[in-house]
>>> print(open('input.tsv').read())   # TSV, C-alpha atoms and all ligand atoms
chain	number	residue	atom	x	y	z
A	285	MET	CA	17.80	11.92	-8.27
A	286	LYS	CA	20.76	12.63	-6.04
A	287	PHE	CA	20.31	11.57	-2.43
A	288	LEU	CA	22.03	14.51	-0.75
A	289	GLY	CA	20.04	14.40	2.51
A	290	SER	CA	19.01	17.37	4.65
A	291	LYS	CA	21.94	19.62	3.78
A	292	THR	CA	22.12	22.93	5.68
A	293	ILE	CA	20.50	25.68	3.61
A	294	GLU	CA	20.84	29.39	4.30
A	295	THR	CA	18.44	32.10	3.12
A	296	ASP	CA	18.32	35.84	3.87
A	297	ARG	CA	16.69	35.38	7.27
A	298	LEU	CA	16.69	31.64	7.95
A	299	ILE	CA	18.87	28.59	8.38
A	300	LEU	CA	17.36	25.20	7.55
A	301	LYS	CA	19.15	22.35	9.30
A	302	ALA	CA	18.79	18.58	9.56
A	303	GLN	CA	16.65	17.90	12.60
A	304	THR	CA	18.01	17.04	16.05
A	305	MET	CA	16.37	15.96	19.29
A	306	VAL	CA	17.16	19.36	20.83
A	307	GLU	CA	14.28	21.18	19.10
A	308	GLN	CA	11.75	18.32	18.91
A	309	LYS	CA	9.84	19.28	22.08
A	310	ARG	CA	9.46	22.83	20.78
A	311	LEU	CA	8.29	21.59	17.37
A	312	TRP	CA	5.85	19.19	19.02
A	313	GLU	CA	4.44	22.09	21.10
A	314	ILE	CA	3.90	24.05	17.88
A	315	LEU	CA	2.24	21.05	16.22
A	316	MET	CA	-0.12	20.62	19.17
A	317	LEU	CA	-1.62	24.11	18.64
A	318	PRO	CA	-5.06	23.59	17.04
A	319	ASP	CA	-4.40	26.32	14.44
A	320	VAL	CA	-1.38	24.35	13.28
A	321	ASN	CA	-2.49	20.74	13.55
A	322	ARG	CA	-5.86	21.10	11.85
A	323	TYR	CA	-3.97	20.73	8.58
A	324	PHE	CA	-1.81	17.82	9.74
A	325	LEU	CA	-2.38	14.57	7.86
A	326	THR	CA	0.65	12.40	8.37
A	327	VAL	CA	-1.10	9.89	10.65
A	328	PRO	CA	-4.66	8.53	10.89
A	329	PRO	CA	-7.12	10.06	13.40
A	330	LYS	CA	-6.89	7.03	15.70
A	331	PHE	CA	-3.42	8.27	16.75
A	332	ARG	CA	-4.66	11.70	17.90
A	333	GLU	CA	-4.42	10.85	21.59
A	334	LYS	CA	-0.95	9.34	21.26
A	335	LEU	CA	0.24	12.43	19.38
A	336	GLY	CA	-0.86	14.61	22.26
A	337	ASP	CA	1.28	12.73	24.79
A	338	TRP	CA	4.87	14.06	24.82
A	339	ASP	CA	6.22	11.01	26.72
A	340	LYS	CA	5.07	8.74	23.89
A	341	GLN	CA	6.13	11.16	21.15
A	342	LYS	CA	9.56	11.60	22.70
A	343	ILE	CA	10.27	7.90	22.19
A	344	PHE	CA	9.09	8.16	18.58
A	345	TYR	CA	11.24	11.25	17.88
A	346	GLU	CA	14.32	9.73	19.56
A	347	ASP	CA	14.09	6.83	17.17
A	348	ASP	CA	13.32	9.10	14.20
A	349	MET	CA	16.32	11.32	14.91
A	350	LYS	CA	18.67	8.36	14.43
A	351	HIS	CA	17.92	8.77	10.71
A	352	ALA	CA	17.86	12.59	10.55
A	353	ASN	CA	21.19	12.67	8.70
A	354	ASP	CA	20.53	9.76	6.36
A	355	ASP	CA	20.99	10.70	2.72
A	356	ASN	CA	17.38	9.78	1.83
A	357	ILE	CA	15.83	12.03	4.50
A	358	PHE	CA	14.83	15.53	3.36
A	359	ARG	CA	13.46	17.17	6.51
A	360	TRP	CA	14.65	20.36	8.12
A	361	SER	CA	14.09	22.43	11.26
A	362	ILE	CA	13.80	26.15	10.51
A	363	PHE	CA	15.84	28.59	12.61
A	364	LEU	CA	15.88	32.38	12.62
A	365	LYS	CA	19.35	33.56	11.72
A	366	ASP	CA	19.15	36.54	14.09
A	367	THR	CA	18.17	34.77	17.30
A	368	GLY	CA	18.79	31.09	16.61
A	369	GLU	CA	15.18	30.39	17.59
A	370	CYS	CA	13.49	27.33	16.02
A	371	ILE	CA	10.26	28.52	14.34
A	372	GLY	CA	9.11	25.51	12.36
A	373	ARG	CA	9.96	22.61	10.15
A	374	LEU	CA	9.52	21.49	6.56
A	375	SER	CA	9.98	18.35	4.53
A	376	CYS	CA	10.13	16.98	1.02
A	377	HIS	CA	9.15	13.37	1.63
A	378	GLU	CA	8.39	10.64	-0.88
A	379	ALA	CA	4.97	11.18	-2.45
A	380	HIS	CA	4.39	7.53	-1.55
A	381	ASP	CA	3.88	8.67	2.09
A	382	GLU	CA	0.66	10.39	0.96
A	383	ASP	CA	-0.34	8.21	-2.00
A	384	GLU	CA	0.54	4.53	-1.93
A	385	GLU	CA	0.13	4.25	-5.68
A	386	LEU	CA	3.25	6.38	-6.20
A	387	SER	CA	6.44	4.45	-5.59
A	388	ASP	CA	9.09	6.51	-7.39
A	389	PRO	CA	11.37	8.44	-4.95
A	390	ASN	CA	11.85	11.08	-7.69
A	391	ILE	CA	8.24	12.12	-7.07
A	392	ARG	CA	7.99	13.96	-3.77
A	393	GLY	CA	5.44	15.61	-1.49
A	394	VAL	CA	6.02	18.71	0.65
A	395	GLY	CA	4.95	19.76	4.13
A	396	TRP	CA	5.58	22.85	6.27
A	397	ILE	CA	4.67	24.35	9.62
A	398	ILE	CA	5.59	27.73	11.06
A	399	ASP	CA	4.96	28.76	14.68
A	400	PRO	CA	1.84	31.02	14.63
A	401	LYS	CA	3.86	33.73	16.43
A	402	PHE	CA	5.98	34.00	13.29
A	403	GLN	CA	3.38	33.43	10.58
A	404	GLY	CA	2.52	36.01	7.93
A	405	LYS	CA	6.07	37.39	7.76
A	406	GLY	CA	7.10	35.50	4.63
A	407	TYR	CA	9.14	32.86	6.49
A	408	GLY	CA	7.04	29.99	5.11
A	409	THR	CA	7.58	31.14	1.53
A	410	GLU	CA	11.29	31.81	2.12
A	411	ALA	CA	11.90	28.35	3.61
A	412	ALA	CA	9.77	26.55	1.00
A	413	LYS	CA	11.50	28.29	-1.92
A	414	ALA	CA	14.93	27.37	-0.54
A	415	MET	CA	13.97	23.74	0.00
A	416	ILE	CA	12.33	23.38	-3.40
A	417	ASP	CA	15.30	25.02	-5.15
A	418	PHE	CA	17.54	22.48	-3.43
A	419	MET	CA	15.30	19.54	-4.35
A	420	PHE	CA	14.98	20.45	-8.05
A	421	LEU	CA	18.35	22.08	-8.72
A	422	GLU	CA	20.73	20.02	-6.57
A	423	CYS	CA	18.91	16.74	-5.89
A	424	GLU	CA	17.40	16.81	-9.38
A	425	ILE	CA	14.04	15.30	-8.44
A	426	ASP	CA	11.45	14.92	-11.23
A	427	GLU	CA	8.26	16.18	-9.66
A	428	ILE	CA	6.41	17.41	-6.58
A	429	ILE	CA	2.77	16.43	-6.09
A	430	THR	CA	1.06	18.06	-3.17
A	431	GLY	CA	-2.16	19.54	-1.84
A	432	ALA	CA	-3.60	22.00	0.63
A	433	ALA	CA	-7.04	22.56	2.10
A	434	ILE	CA	-9.03	25.16	0.16
A	435	SER	CA	-9.64	26.73	3.56
A	436	ASN	CA	-5.86	27.06	4.12
A	437	PRO	CA	-4.74	29.88	1.79
A	438	ALA	CA	-1.58	30.47	3.84
A	439	SER	CA	-0.33	27.13	2.52
A	440	TRP	CA	-1.66	27.04	-1.05
A	441	LYS	CA	-0.55	30.61	-1.68
A	442	ILE	CA	3.03	29.39	-1.14
A	443	MET	CA	2.49	26.77	-3.84
A	444	GLU	CA	0.96	29.33	-6.20
A	445	ARG	CA	3.68	31.92	-5.59
A	446	LEU	CA	6.30	29.31	-6.43
A	447	GLY	CA	4.46	28.46	-9.65
A	448	PHE	CA	2.89	25.10	-8.80
A	449	LYS	CA	0.10	24.18	-11.21
A	450	ARG	CA	-3.30	23.79	-9.57
A	451	GLN	CA	-5.13	20.70	-10.86
A	452	GLU	CA	-8.73	20.86	-12.04
A	453	ASN	CA	-10.08	18.29	-9.62
A	454	THR	CA	-10.19	18.79	-5.87
A	455	LYS	CA	-9.75	15.93	-3.38
A	456	LEU	CA	-11.52	15.03	-0.15
A	457	VAL	CA	-8.90	14.41	2.51
A	458	GLN	CA	-9.00	12.97	6.04
A	459	TYR	CA	-6.87	15.19	8.25
A	460	THR	CA	-5.60	13.77	11.54
A	461	PHE	CA	-7.36	16.17	13.91
A	462	LEU	CA	-10.57	16.88	11.97
A	463	ASP	CA	-13.57	14.56	12.11
A	464	GLU	CA	-15.04	15.57	8.75
A	465	LEU	CA	-13.34	15.23	5.35
A	466	THR	CA	-11.76	18.43	3.99
A	467	GLU	CA	-11.70	19.58	0.37
A	468	ASP	CA	-8.16	20.09	-0.90
A	469	TYR	CA	-6.65	21.71	-3.97
A	470	SER	CA	-4.03	19.51	-5.65
A	471	TYR	CA	-0.84	20.97	-7.08
A	472	VAL	CA	1.93	19.69	-9.31
A	473	MET	CA	5.36	21.05	-10.14
A	474	THR	CA	7.57	19.23	-12.61
A	475	ARG	CA	11.31	19.71	-12.81
A	476	GLU	CA	10.93	21.02	-16.37
A	477	ARG	CA	8.37	23.64	-15.30
A	478	TYR	CA	10.46	24.69	-12.29
A	479	LEU	CA	13.61	25.13	-14.37
A	480	SER	CA	11.73	27.08	-17.02
A	481	LEU	CA	10.02	29.37	-14.47
A	482	ASN	CA	13.30	30.05	-12.75
A	483	SER	CA	15.22	30.73	-15.93
A	484	THR	CA	12.49	33.27	-16.88
A	485	ASN	CA	12.83	34.87	-13.44
A	486	ARG	CA	16.57	35.24	-13.89
A	487	SER	CA	16.38	36.88	-17.30
A	501	LIG	C1	1.21	27.39	5.95
A	501	LIG	C2	2.26	28.13	6.79
A	501	LIG	C3	3.50	27.25	6.91
A	501	LIG	C4	2.62	29.44	6.08
A	501	LIG	O1	3.68	30.06	6.78
A	501	LIG	P1	3.88	31.65	6.82
A	501	LIG	O2	5.25	31.93	7.32
A	501	LIG	O3	2.75	32.26	7.54
A	501	LIG	O4	3.78	31.97	5.25
A	501	LIG	P2	4.07	33.35	4.53
A	501	LIG	O5	4.14	34.47	5.51
A	501	LIG	O6	5.21	33.13	3.62
A	501	LIG	O7	2.72	33.54	3.69
A	501	LIG	C5	2.41	32.71	2.59
A	501	LIG	C6	1.25	33.31	1.82
A	501	LIG	O8	0.04	33.11	2.54
A	501	LIG	C7	-0.55	34.37	2.85
A	501	LIG	N1	-1.08	34.21	4.19
A	501	LIG	C8	-0.40	34.06	5.34
A	501	LIG	N2	-1.25	33.88	6.36
A	501	LIG	C9	-2.50	33.92	5.82
A	501	LIG	C10	-3.80	33.78	6.35
A	501	LIG	N3	-3.99	33.53	7.65
A	501	LIG	N4	-4.86	33.88	5.50
A	501	LIG	C11	-4.67	34.10	4.18
A	501	LIG	N5	-3.45	34.21	3.61
A	501	LIG	C12	-2.38	34.13	4.42
A	501	LIG	C13	0.57	35.38	2.74
A	501	LIG	O9	0.07	36.66	2.43
A	501	LIG	C14	1.36	34.79	1.60
A	501	LIG	O10	0.69	35.03	0.36
A	501	LIG	P3	1.34	35.97	-0.77
A	501	LIG	O11	2.60	35.27	-1.20
A	501	LIG	O12	0.29	36.01	-1.82
A	501	LIG	O13	1.59	37.27	-0.08
A	501	LIG	C15	1.71	28.49	8.19
A	501	LIG	O14	0.55	29.27	8.04
A	501	LIG	C16	1.37	27.27	9.04
A	501	LIG	O15	2.25	26.72	9.69
A	501	LIG	N6	0.11	26.86	9.05
A	501	LIG	C17	-0.34	25.73	9.87
A	501	LIG	C18	0.22	24.42	9.36
A	501	LIG	C19	-0.15	24.17	7.92
A	501	LIG	O16	-1.23	24.54	7.48
A	501	LIG	N7	0.76	23.52	7.18
A	501	LIG	C20	0.53	23.22	5.77
A	501	LIG	C21	-0.29	22.01	5.56
A	501	LIG	S1	-0.60	21.77	3.80
>>> encode(input="input.tsv", output="structure tokens")
Amino acid sequence: MKFLGSKTIETDRLILKAQTMVEQKRLWEILMLPDVNRYFLTVPPKFREKLGDWDKQKIFYEDDMKHANDDNIFRWSIFLKDTGECIGRLSCHEAHDEDEELSDPNIRGVGWIIDPKFQGKGYGTEAAKAMIDFMFLECEIDEIITGAAISNPASWKIMERLGFKRQENTKLVQYTFLDELTEDYSYVMTRERYLSLNSTNRS
């Protein structure tokens, strides 16, 4: 793959930009809304309390932002073109972050959040499509392996609309802010499949 980093990407209504400290408080406030964080799984439940404390998170984000422009970081803040407002974020991280058995950086996972005030307007799909185009067409990754709670159609419908293949088996997943395990659909998109779907769309 080509390590091109979080290059600025423009769509009809959005600009995706490498993250900066400026919008981190706003993104953290969005993440702290229960409707958003119930599908958050980046960290184990024992960190729930720490996540809810901005003073502690600020230190974490300040450190994280030092790497926001590194060429192996694929994580964007999502801005509305019209108003410049930050409405969410998305990433295409190494699949290893979610499954330790996968160690190839060509195999990636995806994650996205959109501020509930702006959900249901197609922004999630628009941002995801732009990022995934970039990852397959410009960075030339091999594969995306991802999942979404069966109870979270807003997320898995994005995967289905973009042509991800739903796997037969579901998975039980421990989300950060939920006590019980949640049943997830698993999805895969290979580079070959993505290129073939998109060449069909163009013809
Ligand atoms: C998932 C998320 C990013 C989607 O963002 P969005 O801007 O609302 O997405 P879109 O408007 O593009 O909608 C995507 C699809 O979900 C559908 N959808 C949106 N909200 C829905 C809801 N509450 N219930 C059912 N379907 C919904 C849309 O109709 C669309 O489907 P379609 O392509 O068949 O029409 C957003 O809901 C979110 O941030 N959720 C909380 C965080 C989260 O769950 N992240 C993903 C973890 S895997």
>>> closest_atom_pairs(input="input.tsv", of="chain A", to="ligand LIG 501 (chain A)", cutoff="7 Å", atoms="only C-alpha atoms and all ligand atoms", output="Markdown table")
| residue | atom | partner | partner_atom | distance |
| --- | --- | --- | --- | --- |
| A:Asp319 | CA | A:LIG501 | C17 | 6.1 |
| A:Val320 | CA | A:LIG501 | C17 | 3.8 |
| A:Asn321 | CA | A:LIG501 | C18 | 6.2 |
| A:Tyr323 | CA | A:LIG501 | O16 | 4.8 |
| A:Phe324 | CA | A:LIG501 | C21 | 6.1 |
| A:Gly395 | CA | A:LIG501 | C20 | 5.8 |
| A:Trp396 | CA | A:LIG501 | C3 | 4.9 |
| A:Ile397 | CA | A:LIG501 | O15 | 3.4 |
| A:Ile398 | CA | A:LIG501 | O15 | 3.7 |
| A:Asp399 | CA | A:LIG501 | O15 | 6.0 |
| A:Pro400 | CA | A:LIG501 | O15 | 6.6 |
| A:Phe402 | CA | A:LIG501 | O2 | 6.4 |
| A:Gln403 | CA | A:LIG501 | O3 | 3.3 |
| A:Gly404 | CA | A:LIG501 | O5 | 3.3 |
| A:Lys405 | CA | A:LIG501 | O5 | 4.2 |
| A:Gly406 | CA | A:LIG501 | O6 | 3.2 |
| A:Tyr407 | CA | A:LIG501 | O2 | 4.1 |
| A:Gly408 | CA | A:LIG501 | O2 | 3.4 |
| A:Thr409 | CA | A:LIG501 | O6 | 3.7 |
| A:Glu410 | CA | A:LIG501 | O6 | 6.4 |
| A:Gly431 | CA | A:LIG501 | S1 | 6.3 |
| A:Ala432 | CA | A:LIG501 | S1 | 4.4 |
| A:Ala433 | CA | A:LIG501 | S1 | 6.7 |
| A:Asn436 | CA | A:LIG501 | O16 | 6.3 |
| A:Pro437 | CA | A:LIG501 | C11 | 4.9 |
| A:Ala438 | CA | A:LIG501 | O8 | 3.4 |
| A:Ser439 | CA | A:LIG501 | C1 | 3.8 |
| A:Lys441 | CA | A:LIG501 | C6 | 4.8 |
| A:Ile442 | CA | A:LIG501 | C5 | 5.0 |
| A:Arg445 | CA | A:LIG501 | O11 | 5.6 |
>>> atom_distance(input="input.tsv", atom1="atom CA of A:Ala379", atom2="atom CA of A:Asn356")
13.2 Å
>>> closest_residue(input="input.tsv", among="A:Ile391, A:Ile362, A:Ile434, A:Met349", to="A:Leu456", atoms="all atoms listed in the file")
A:Ile434
>>> residues_around(input="input.tsv", residues="A:Tyr459", least_positions_apart="4", cutoff="8 Å", atoms="all atoms listed in the file", output="PyMOL selection string")
chain A and resi 322-325+328-329+463+465-466
>>> atom_distance(input="input.tsv", atom1="atom CA of A:Lys449", atom2="atom CA of A:Leu298")
26.4 Å
>>> axis_aligned_box(input="input.tsv", around="stretch 392-407 of chain A", padding_each_side="6 Å", output="lines of an AutoDock Vina configuration file")
center_x = 5.5
center_y = 25.7
center_z = 6.3
size_x = 19.3
size_y = 35.4
size_z = 32.2
>>> closest_residue(input="input.tsv", among="A:Lys286, A:Lys455, A:Lys342, A:Lys301", to="A:Leu364", atoms="all atoms listed in the file")
A:Lys301
>>> closest_residue(input="input.tsv", among="A:Gln341, A:Ser387, A:Gln308, A:Thr326", to="A:Val457", atoms="only C-alpha atoms")
A:Thr326
>>> closest_residue(input="input.tsv", among="A:Asp339, A:Arg450, A:Leu481, A:Leu311", to="A:Asp417", atoms="only C-alpha atoms")
A:Leu481
>>> residues_around(input="input.tsv", residues="A:Ser375", least_positions_apart="4", cutoff="6 Å", atoms="only C-alpha atoms", output="VMD selection string")
chain A and resid 358 to 359 394 to 395
>>> closest_residue(input="input.tsv", among="A:Leu374, A:Val306, A:Leu288, A:Met473", to="A:Ala414", atoms="all atoms listed in the file")
A:Leu374
>>> closest_residue(input="input.tsv", among="A:Arg477, A:Phe461, A:Phe331, A:Asn482", to="A:Lys413", atoms="all atoms listed in the file")
A:Asn482
>>> residues_near_point(input="input.tsv", point="(17.5, 11.5, 21.8)", cutoff="12 Å", atoms="only C-alpha atoms", output="list in words")
Gln303, Thr304, Met305, Val306, Glu307, Gln308, Lys309, Gln341, Lys342, Ile343, Phe344, Tyr345, Glu346, Asp347, Asp348, Met349, Lys350, His351 and Ala352 of chain A
>>> residues_near_point(input="input.tsv", point="(9.4, 12.1, 1.8)", cutoff="7 Å", atoms="all atoms listed in the file", output="list in words")
Ile357, Phe358, Ser375, Cys376, His377, Glu378, Ala379, Asp381, Arg392 and Gly393 of chain A
>>> write_last_selection(input="input.tsv", atoms="C-alpha atoms", output="short mmCIF file (atom, residue, chain, number, x, y, z; two decimals), keeping the file's coordinate frame")
data_model
loop_
_atom_site.label_atom_id
_atom_site.label_comp_id
_atom_site.auth_asym_id
_atom_site.auth_seq_id
_atom_site.Cartn_x
_atom_site.Cartn_y
_atom_site.Cartn_z
CA ILE A 357 15.83 12.03 4.50
CA PHE A 358 14.83 15.53 3.36
CA SER A 375 9.98 18.35 4.53
CA CYS A 376 10.13 16.98 1.02
CA HIS A 377 9.15 13.37 1.63
CA GLU A 378 8.39 10.64 -0.88
CA ALA A 379 4.97 11.18 -2.45
CA ASP A 381 3.88 8.67 2.09
CA ARG A 392 7.99 13.96 -3.77
CA GLY A 393 5.44 15.61 -1.49
#
